[in-house]
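Source file: structure_15.pdb; contents: PDB, C-alpha atoms, pLDDT in the B column.
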ATOM      1  CA  MET A   1     -28.254  35.597  73.323  1.00 39.00           C
ATOM      2  CA  ASP A   2     -25.176  33.703  72.297  1.00 43.00           C
ATOM      3  CA  VAL A   3     -22.078  35.739  73.242  1.00 40.00           C
ATOM      4  CA  TRP A   4     -20.142  34.472  70.227  1.00 41.00           C
ATOM      5  CA  VAL A   5     -22.851  35.483  67.760  1.00 40.00           C
ATOM      6  CA  ALA A   6     -23.027  38.943  69.318  1.00 41.00           C
ATOM      7  CA  ALA A   7     -19.253  39.315  69.167  1.00 41.00           C
ATOM      8  CA  VAL A   8     -19.162  38.217  65.538  1.00 38.00           C
ATOM      9  CA  VAL A   9     -21.988  40.547  64.495  1.00 40.00           C
ATOM     10  CA  LEU A  10     -20.443  43.537  66.300  1.00 39.00           C
ATOM     11  CA  SER A  11     -16.931  42.911  65.008  1.00 40.00           C
ATOM     12  CA  GLY A  12     -18.066  42.679  61.374  1.00 42.00           C
ATOM     13  CA  PHE A  13     -15.831  39.644  60.826  1.00 40.00           C
ATOM     14  CA  ARG A  14     -14.742  38.365  57.432  1.00 40.00           C
ATOM     15  CA  PRO A  15     -14.201  34.701  56.526  1.00 40.00           C
ATOM     16  CA  GLN A  16     -10.601  33.548  56.888  1.00 39.00           C
ATOM     17  CA  GLU A  17      -8.513  34.200  53.788  1.00 38.00           C
ATOM     18  CA  ASN A  18      -5.762  32.066  52.328  1.00 37.00           C
ATOM     19  CA  LYS A  19      -2.276  33.554  52.654  1.00 35.00           C
ATOM     20  CA  HIS A  20      -1.532  32.889  49.001  1.00 35.00           C
ATOM     21  CA  SER A  21      -4.784  34.024  47.399  1.00 33.00           C
ATOM     22  CA  SER A  22      -7.914  36.061  47.908  1.00 32.00           C
ATOM     23  CA  ILE A  23     -10.178  32.988  47.925  1.00 33.00           C
ATOM     24  CA  LYS A  24     -12.571  33.099  50.856  1.00 37.00           C
ATOM     25  CA  MET A  25     -14.524  30.335  52.543  1.00 38.00           C
ATOM     26  CA  ALA A  26     -15.368  27.351  50.394  1.00 40.00           C
ATOM     27  CA  ARG A  27     -18.961  27.513  51.590  1.00 41.00           C
ATOM     28  CA  THR A  28     -20.573  30.001  53.876  1.00 39.00           C
ATOM     29  CA  ASP A  29     -24.040  28.570  54.302  1.00 41.00           C
ATOM     30  CA  SER A  30     -25.553  25.424  52.859  1.00 40.00           C
ATOM     31  CA  ASN A  31     -29.000  26.996  53.134  1.00 42.00           C
ATOM     32  CA  SER A  32     -28.164  30.186  51.240  1.00 47.00           C
ATOM     33  CA  PRO A  33     -30.982  31.264  48.903  1.00 50.00           C
ATOM     34  CA  PHE A  34     -30.830  30.535  45.190  1.00 60.00           C
ATOM     35  CA  SER A  35     -29.966  33.731  43.303  1.00 75.00           C
ATOM     36  CA  VAL A  36     -31.437  33.946  39.806  1.00 81.00           C
ATOM     37  CA  SER A  37     -29.404  37.042  38.947  1.00 83.00           C
ATOM     38  CA  GLU A  38     -26.127  35.285  39.801  1.00 83.00           C
ATOM     39  CA  GLU A  39     -27.101  32.300  37.676  1.00 85.00           C
ATOM     40  CA  LEU A  40     -28.092  34.527  34.740  1.00 87.00           C
ATOM     41  CA  ARG A  41     -24.649  36.156  34.849  1.00 88.00           C
ATOM     42  CA  LEU A  42     -23.203  32.780  33.859  1.00 89.00           C
ATOM     43  CA  ILE A  43     -24.735  33.038  30.378  1.00 92.00           C
ATOM     44  CA  PRO A  44     -21.796  33.919  28.090  1.00 93.00           C
ATOM     45  CA  ARG A  45     -21.977  36.761  25.567  1.00 93.00           C
ATOM     46  CA  TRP A  46     -21.395  34.462  22.611  1.00 94.00           C
ATOM     47  CA  SER A  47     -24.606  32.569  23.403  1.00 93.00           C
ATOM     48  CA  ILE A  48     -26.571  35.827  23.751  1.00 94.00           C
ATOM     49  CA  VAL A  49     -25.321  36.973  20.322  1.00 95.00           C
ATOM     50  CA  LEU A  50     -26.034  33.538  18.845  1.00 95.00           C
ATOM     51  CA  ALA A  51     -29.524  33.577  20.389  1.00 95.00           C
ATOM     52  CA  PHE A  52     -30.228  36.948  18.776  1.00 95.00           C
ATOM     53  CA  VAL A  53     -29.037  35.630  15.399  1.00 95.00           C
ATOM     54  CA  ALA A  54     -31.231  32.528  15.829  1.00 93.00           C
ATOM     55  CA  PHE A  55     -34.257  34.712  16.668  1.00 94.00           C
ATOM     56  CA  VAL A  56     -33.716  36.878  13.576  1.00 92.00           C
ATOM     57  CA  GLY A  57     -33.197  33.742  11.490  1.00 91.00           C
ATOM     58  CA  MET A  58     -36.556  32.343  12.619  1.00 89.00           C
ATOM     59  CA  GLN A  59     -38.261  35.613  11.652  1.00 87.00           C
ATOM     60  CA  TYR A  60     -36.676  35.399   8.215  1.00 87.00           C
ATOM     61  CA  LEU A  61     -37.808  31.789   7.874  1.00 85.00           C
ATOM     62  CA  PHE A  62     -41.438  32.529   8.761  1.00 81.00           C
ATOM     63  CA  PHE A  63     -41.804  35.847   6.909  1.00 81.00           C
ATOM     64  CA  PHE A  64     -39.698  35.416   3.775  1.00 81.00           C
ATOM     65  CA  VAL A  65     -39.521  31.656   3.223  1.00 79.00           C
ATOM     66  CA  LEU A  66     -42.804  30.224   4.509  1.00 73.00           C
ATOM     67  CA  HIS A  67     -45.165  33.209   4.191  1.00 66.00           C
ATOM     68  CA  PRO A  68     -45.097  33.523   0.363  1.00 65.00           C
ATOM     69  CA  HIS A  69     -45.899  29.798  -0.025  1.00 67.00           C
ATOM     70  CA  HIS A  70     -48.796  29.696   2.447  1.00 67.00           C
ATOM     71  CA  ASN A  71     -51.965  31.752   2.450  1.00 72.00           C
ATOM     72  CA  SER A  72     -52.129  32.006   6.233  1.00 70.00           C
ATOM     73  CA  PRO A  73     -52.974  35.433   7.687  1.00 77.00           C
ATOM     74  CA  LEU A  74     -50.085  37.672   8.721  1.00 75.00           C
ATOM     75  CA  PRO A  75     -50.922  37.504  12.490  1.00 80.00           C
ATOM     76  CA  VAL A  76     -50.455  33.712  12.332  1.00 78.00           C
ATOM     77  CA  HIS A  77     -46.953  34.136  10.898  1.00 75.00           C
ATOM     78  CA  VAL A  78     -46.172  36.819  13.497  1.00 82.00           C
ATOM     79  CA  TYR A  79     -47.329  34.534  16.311  1.00 85.00           C
ATOM     80  CA  PHE A  80     -45.442  31.447  15.157  1.00 83.00           C
ATOM     81  CA  GLY A  81     -42.351  33.407  14.116  1.00 85.00           C
ATOM     82  CA  THR A  82     -42.111  35.123  17.499  1.00 89.00           C
ATOM     83  CA  SER A  83     -42.888  31.948  19.469  1.00 91.00           C
ATOM     84  CA  TRP A  84     -40.431  29.702  17.637  1.00 90.00           C
ATOM     85  CA  GLY A  85     -37.803  32.447  17.579  1.00 91.00           C
ATOM     86  CA  ALA A  86     -38.067  32.896  21.362  1.00 93.00           C
ATOM     87  CA  LEU A  87     -37.880  29.126  21.943  1.00 93.00           C
ATOM     88  CA  VAL A  88     -34.788  28.691  19.771  1.00 92.00           C
ATOM     89  CA  ALA A  89     -33.102  31.749  21.348  1.00 94.00           C
ATOM     90  CA  ALA A  90     -33.849  30.450  24.866  1.00 93.00           C
ATOM     91  CA  TYR A  91     -32.456  27.020  23.932  1.00 93.00           C
ATOM     92  CA  VAL A  92     -29.224  28.568  22.626  1.00 93.00           C
ATOM     93  CA  MET A  93     -28.809  30.612  25.826  1.00 94.00           C
ATOM     94  CA  MET A  94     -29.498  27.467  27.873  1.00 93.00           C
ATOM     95  CA  ILE A  95     -26.638  25.716  26.069  1.00 93.00           C
ATOM     96  CA  GLY A  96     -24.449  28.743  26.851  1.00 94.00           C
ATOM     97  CA  TYR A  97     -25.421  28.550  30.532  1.00 94.00           C
ATOM     98  CA  ILE A  98     -24.593  24.838  30.656  1.00 93.00           C
ATOM     99  CA  SER A  99     -21.212  25.514  29.022  1.00 92.00           C
ATOM    100  CA  GLU A 100     -20.319  27.771  31.987  1.00 91.00           C
ATOM    101  CA  ASP A 101     -22.106  25.824  34.728  1.00 90.00           C
ATOM    102  CA  ALA A 102     -20.714  22.353  33.955  1.00 90.00           C
ATOM    103  CA  PRO A 103     -17.022  23.163  34.640  1.00 88.00           C
ATOM    104  CA  ARG A 104     -17.757  24.568  38.115  1.00 84.00           C
ATOM    105  CA  ARG A 105     -19.498  21.278  38.931  1.00 85.00           C
ATOM    106  CA  ASN A 106     -16.621  19.169  37.547  1.00 82.00           C
ATOM    107  CA  MET A 107     -18.819  17.855  34.718  1.00 87.00           C
ATOM    108  CA  GLY A 108     -17.663  17.517  31.110  1.00 87.00           C
ATOM    109  CA  LYS A 109     -18.396  20.839  29.386  1.00 89.00           C
ATOM    110  CA  TRP A 110     -18.146  19.645  25.768  1.00 93.00           C
ATOM    111  CA  LEU A 111     -19.972  16.397  26.488  1.00 92.00           C
ATOM    112  CA  TRP A 112     -23.010  18.253  27.823  1.00 92.00           C
ATOM    113  CA  ILE A 113     -22.955  20.822  25.025  1.00 91.00           C
ATOM    114  CA  LEU A 114     -22.926  17.960  22.506  1.00 93.00           C
ATOM    115  CA  LEU A 115     -25.754  16.148  24.312  1.00 92.00           C
ATOM    116  CA  CYS A 116     -27.871  19.331  24.355  1.00 90.00           C
ATOM    117  CA  ILE A 117     -27.333  19.782  20.604  1.00 89.00           C
ATOM    118  CA  VAL A 118     -27.986  16.127  19.728  1.00 90.00           C
ATOM    119  CA  LEU A 119     -30.878  15.566  22.159  1.00 88.00           C
ATOM    120  CA  GLN A 120     -33.057  18.450  21.019  1.00 77.00           C
ATOM    121  CA  GLY A 121     -36.504  19.390  22.186  1.00 81.00           C
ATOM    122  CA  GLY A 122     -35.250  20.229  25.673  1.00 85.00           C
ATOM    123  CA  ILE A 123     -34.254  16.647  26.488  1.00 91.00           C
ATOM    124  CA  GLY A 124     -30.525  17.451  26.825  1.00 90.00           C
ATOM    125  CA  PRO A 125     -30.933  20.305  29.339  1.00 91.00           C
ATOM    126  CA  VAL A 126     -33.504  18.311  31.329  1.00 92.00           C
ATOM    127  CA  ILE A 127     -31.060  15.402  31.673  1.00 92.00           C
ATOM    128  CA  TYR A 128     -28.306  17.858  32.634  1.00 92.00           C
ATOM    129  CA  PHE A 129     -30.358  19.465  35.421  1.00 91.00           C
ATOM    130  CA  LEU A 130     -31.432  16.060  36.724  1.00 92.00           C
ATOM    131  CA  LEU A 131     -27.852  14.761  36.893  1.00 90.00           C
ATOM    132  CA  ARG A 132     -25.798  17.862  37.685  1.00 87.00           C
ATOM    133  CA  GLN A 133     -23.473  17.697  40.673  1.00 84.00           C
ATOM    134  CA  PRO A 134     -23.088  20.263  43.487  1.00 79.00           C
ATOM    135  CA  VAL A 135     -20.914  23.305  42.832  1.00 77.00           C
ATOM    136  CA  LEU A 136     -17.254  22.773  43.715  1.00 76.00           C
ATOM    137  CA  SER A 137     -15.351  25.344  45.774  1.00 76.00           C
ATOM    138  CA  GLN A 138     -11.702  25.772  46.667  1.00 78.00           C
ATOM    139  CA  CYS A 139     -10.391  24.968  50.122  1.00 82.00           C
ATOM    140  CA  PRO A 140      -9.023  28.230  51.606  1.00 80.00           C
ATOM    141  CA  CYS A 141      -6.114  26.306  53.122  1.00 80.00           C
ATOM    142  CA  CYS A 142      -4.768  24.072  50.327  1.00 84.00           C
ATOM    143  CA  GLY A 143      -6.774  25.105  47.246  1.00 77.00           C
ATOM    144  CA  THR A 144      -8.271  21.651  46.613  1.00 78.00           C
ATOM    145  CA  LEU A 145     -11.635  21.570  44.839  1.00 78.00           C
ATOM    146  CA  VAL A 146     -14.164  20.578  47.486  1.00 79.00           C
ATOM    147  CA  ASP A 147     -17.762  19.434  47.078  1.00 76.00           C
ATOM    148  CA  SER A 148     -20.091  22.056  48.533  1.00 71.00           C
ATOM    149  CA  ASN A 149     -21.718  19.357  50.709  1.00 72.00           C
ATOM    150  CA  PHE A 150     -18.440  18.617  52.514  1.00 79.00           C
ATOM    151  CA  ASN A 151     -17.704  20.040  55.960  1.00 76.00           C
ATOM    152  CA  TYR A 152     -13.988  19.223  55.821  1.00 80.00           C
ATOM    153  CA  CYS A 153     -11.416  19.326  53.028  1.00 83.00           C
ATOM    154  CA  PRO A 154     -10.554  15.724  52.025  1.00 82.00           C
ATOM    155  CA  GLN A 155      -6.876  16.655  51.485  1.00 82.00           C
ATOM    156  CA  CYS A 156      -5.943  18.743  54.535  1.00 85.00           C
ATOM    157  CA  SER A 157      -8.939  18.250  56.908  1.00 77.00           C
ATOM    158  CA  TYR A 158      -9.528  22.023  57.033  1.00 79.00           C
ATOM    159  CA  ARG A 159     -13.033  22.872  58.232  1.00 76.00           C
ATOM    160  CA  VAL A 160     -14.676  24.499  55.197  1.00 75.00           C
ATOM    161  CA  ALA A 161     -18.184  24.856  56.631  1.00 76.00           C
ATOM    162  CA  PRO A 162     -19.694  25.495  60.071  1.00 77.00           C
ATOM    163  CA  ASN A 163     -20.917  22.337  61.773  1.00 78.00           C
ATOM    164  CA  CYS A 164     -21.945  20.896  65.119  1.00 80.00           C
ATOM    165  CA  GLY A 165     -19.138  19.867  67.453  1.00 77.00           C
ATOM    166  CA  ILE A 166     -20.992  16.665  68.449  1.00 80.00           C
ATOM    167  CA  CYS A 167     -22.692  15.188  65.363  1.00 83.00           C
ATOM    168  CA  HIS A 168     -20.655  17.182  62.797  1.00 76.00           C
ATOM    169  CA  GLN A 169     -23.768  17.999  60.749  1.00 79.00           C
ATOM    170  CA  SER A 170     -23.931  21.353  58.957  1.00 75.00           C
ATOM    171  CA  VAL A 171     -25.398  24.258  60.900  1.00 78.00           C
ATOM    172  CA  ARG A 172     -26.010  27.908  60.120  1.00 77.00           C
ATOM    173  CA  ILE A 173     -23.784  30.474  61.737  1.00 73.00           C
ATOM    174  CA  THR A 174     -26.785  32.030  63.500  1.00 77.00           C
ATOM    175  CA  ASP A 175     -28.008  28.740  65.042  1.00 78.00           C
ATOM    176  CA  LEU A 176     -27.864  28.497  68.828  1.00 81.00           C
ATOM    177  CA  TYR A 177     -28.649  24.757  68.846  1.00 84.00           C
ATOM    178  CA  CYS A 178     -27.872  21.991  66.379  1.00 83.00           C
ATOM    179  CA  THR A 179     -31.000  21.132  64.394  1.00 82.00           C
ATOM    180  CA  HIS A 180     -29.895  17.482  64.112  1.00 81.00           C
ATOM    181  CA  CYS A 181     -28.913  16.498  67.672  1.00 86.00           C
ATOM    182  CA  GLY A 182     -30.010  19.492  69.777  1.00 83.00           C
ATOM    183  CA  HIS A 183     -26.473  20.209  71.005  1.00 82.00           C
ATOM    184  CA  ASP A 184     -26.048  23.670  72.542  1.00 82.00           C
ATOM    185  CA  LEU A 185     -23.565  25.216  70.110  1.00 76.00           C
ATOM    186  CA  ALA A 186     -22.505  27.790  72.732  1.00 75.00           C
ATOM    187  CA  ASP A 187     -21.017  24.930  74.784  1.00 72.00           C
ATOM    188  CA  ASP A 188     -18.309  24.432  72.180  1.00 65.00           C
ATOM    189  CA  ASN A 189     -15.023  26.079  73.085  1.00 53.00           C
ATOM    190  CA  THR A 190     -15.250  28.638  70.290  1.00 55.00           C
ATOM    191  CA  PRO A 191     -18.478  27.385  68.691  1.00 49.00           C
ATOM    192  CA  ALA A 192     -17.878  24.908  65.896  1.00 49.00           C
ATOM    193  CA  ARG A 193     -20.019  26.951  63.530  1.00 49.00           C
ATOM    194  CA  LEU A 194     -17.641  29.910  63.971  1.00 53.00           C
ATOM    195  CA  ARG A 195     -14.359  27.997  63.913  1.00 53.00           C
ATOM    196  CA  ALA A 196     -14.663  27.594  60.152  1.00 53.00           C
ATOM    197  CA  TYR A 197     -14.635  31.379  59.842  1.00 56.00           C
ATOM    198  CA  GLY A 198     -11.412  31.799  61.777  1.00 55.00           C
ATOM    199  CA  VAL A 199     -13.138  33.327  64.823  1.00 52.00           C
TER     200      VAL A 199
END
Starting from the coordinates I provided, produce the structure as structure tokens.
Amino acid sequence: MDVWVAAVVLSGFRPQENKHSSIKMARTDSNSPFSVSEELRLIPRWSIVLAFVAFVGMQYLFFFVLHPHHNSPLPVHVYFGTSWGALVAAYVMMIGYISEDAPRRNMGKWLWILLCIVLQGGIGPVIYFLLRQPVLSQCPCCGTLVDSNFNYCPQCSYRVAPNCGICHQSVRITDLYCTHCGHDLADDNTPARLRAYGV
């Protein structure tokens, strides 16, 4: 077993911190799993309140505006009122999510909100998710916003992600060998995948 990995696991290390702030590593693992709960926390409260108002508004529309003028059975109005209310509420919360997600990807917040409102029917959010950029992080050394795909900060050359010492491709901290070139990561003087963590 890799001596460095064992030492790191036993010491319970923490990523290197900036002297001037509590910002940690810019990126800990490029293969980290997608967390739905973390993404849902981005939805702002104003969009949740607005979604609730939109849902209630759709119920009012179907039960008090359309129902008296149409002889459709009540279950039909309940079905369509609930369905359309849920769709409109979900769309409003999606716009709220985009309003919080776009700035952390260095994309124009108000531009995408406007596009989602103008291009209705789900077209705006679909275009957003097709074109959205990777999440930006701050370099622990100089504070520059760094693309999450970068291994080094473009301003100060600080290593912001673990990578192979030979081919410089991203690796996981638990890897013993580089998955791109097969380099034995234990051969590095202080393995390159751990150097980014200040070990």
- Could you tell me which residues the PyMOL selection byres ((chain A and resi 176) around 6) returns for this structure, as JSON, numbers by chain? {"A": [175, 177, 185]}
- Find the residues near Gly85 of chain A: any atom within 10 Å, counting only C-alpha atoms, skip ones fewer than 5 places away on the same chain, and give them as a count of residues only. 16
- Message: Applying the PyMOL selection byres ((chain A and resi 117-130) around 8) to the file I just gave you, which residues come out? Please list them as a PyMOL selection string.
- Response: chain A and resi 91+94-95+98+112-116+131-132
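What separates atom CA of Cys164 of chain A from atom CA of Asn151 of chain A is a distance of 10.1 Å.
Comparing the minimum interatomic distances between Val146 of chain A and each of A:Ala186, A:Thr179, A:Arg105, A:Val171, counting only C-alpha atoms, we find that A:Arg105 sits nearest.
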Centre and edge lengths of an axis-aligned box around all listed atoms of segment 129-141 of chain A, with 4 Å added on each side, are to be given in Å to one decimal, as JSON.
{"center_x": -18.8, "center_y": 21.5, "center_z": 44.3, "size_x": 33.3, "size_y": 21.5, "size_z": 25.7}
Selection under test: the PyMOL selection byres ((chain A and resi 137) around 6); residues as a compact mmCIF listing (two decimals) with C-alpha atoms, in the coordinates of the input:
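Printed below is result.txt as written:
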# COMPACT_ATOMS: atom_id res chain seq x y z
CA ALA A 26 -15.37 27.35 50.39
CA LEU A 136 -17.25 22.77 43.72
CA GLN A 138 -11.70 25.77 46.67
CA LEU A 145 -11.64 21.57 44.84
CA VAL A 146 -14.16 20.58 47.49
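Proximity ranking of A:Tyr158, A:Phe150, A:Trp84, A:Tyr97 relative to Glu39 of chain A places A:Tyr97 first, based on all atoms listed in the file.
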- Note on the structure: Across A:Leu66, A:Ala86, A:Ile43, A:Val76, the smallest distance to Ala102 of chain A, with all atoms listed in the file counted, is shown by A:Ile43
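Here atom CA of Arg41 of chain A stands at a distance of 20.3 Å from atom CA of Gly108 of chain A.
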- Nearest to Pro134 of chain A, chosen from A:Cys153, A:Cys181, A:Ala89, A:Met107, with all atoms listed in the file counted in the distances: A:Met107
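Atom CA of Ala161 of chain A to atom CA of Thr174 of chain A spans 13.1 Å [interatomic distance, one decimal].
Using all atoms listed in the file, the nearest neighbour of Phe63 of chain A within the list A:Leu42, A:Val78, A:Val92, A:Cys178 is A:Val78.
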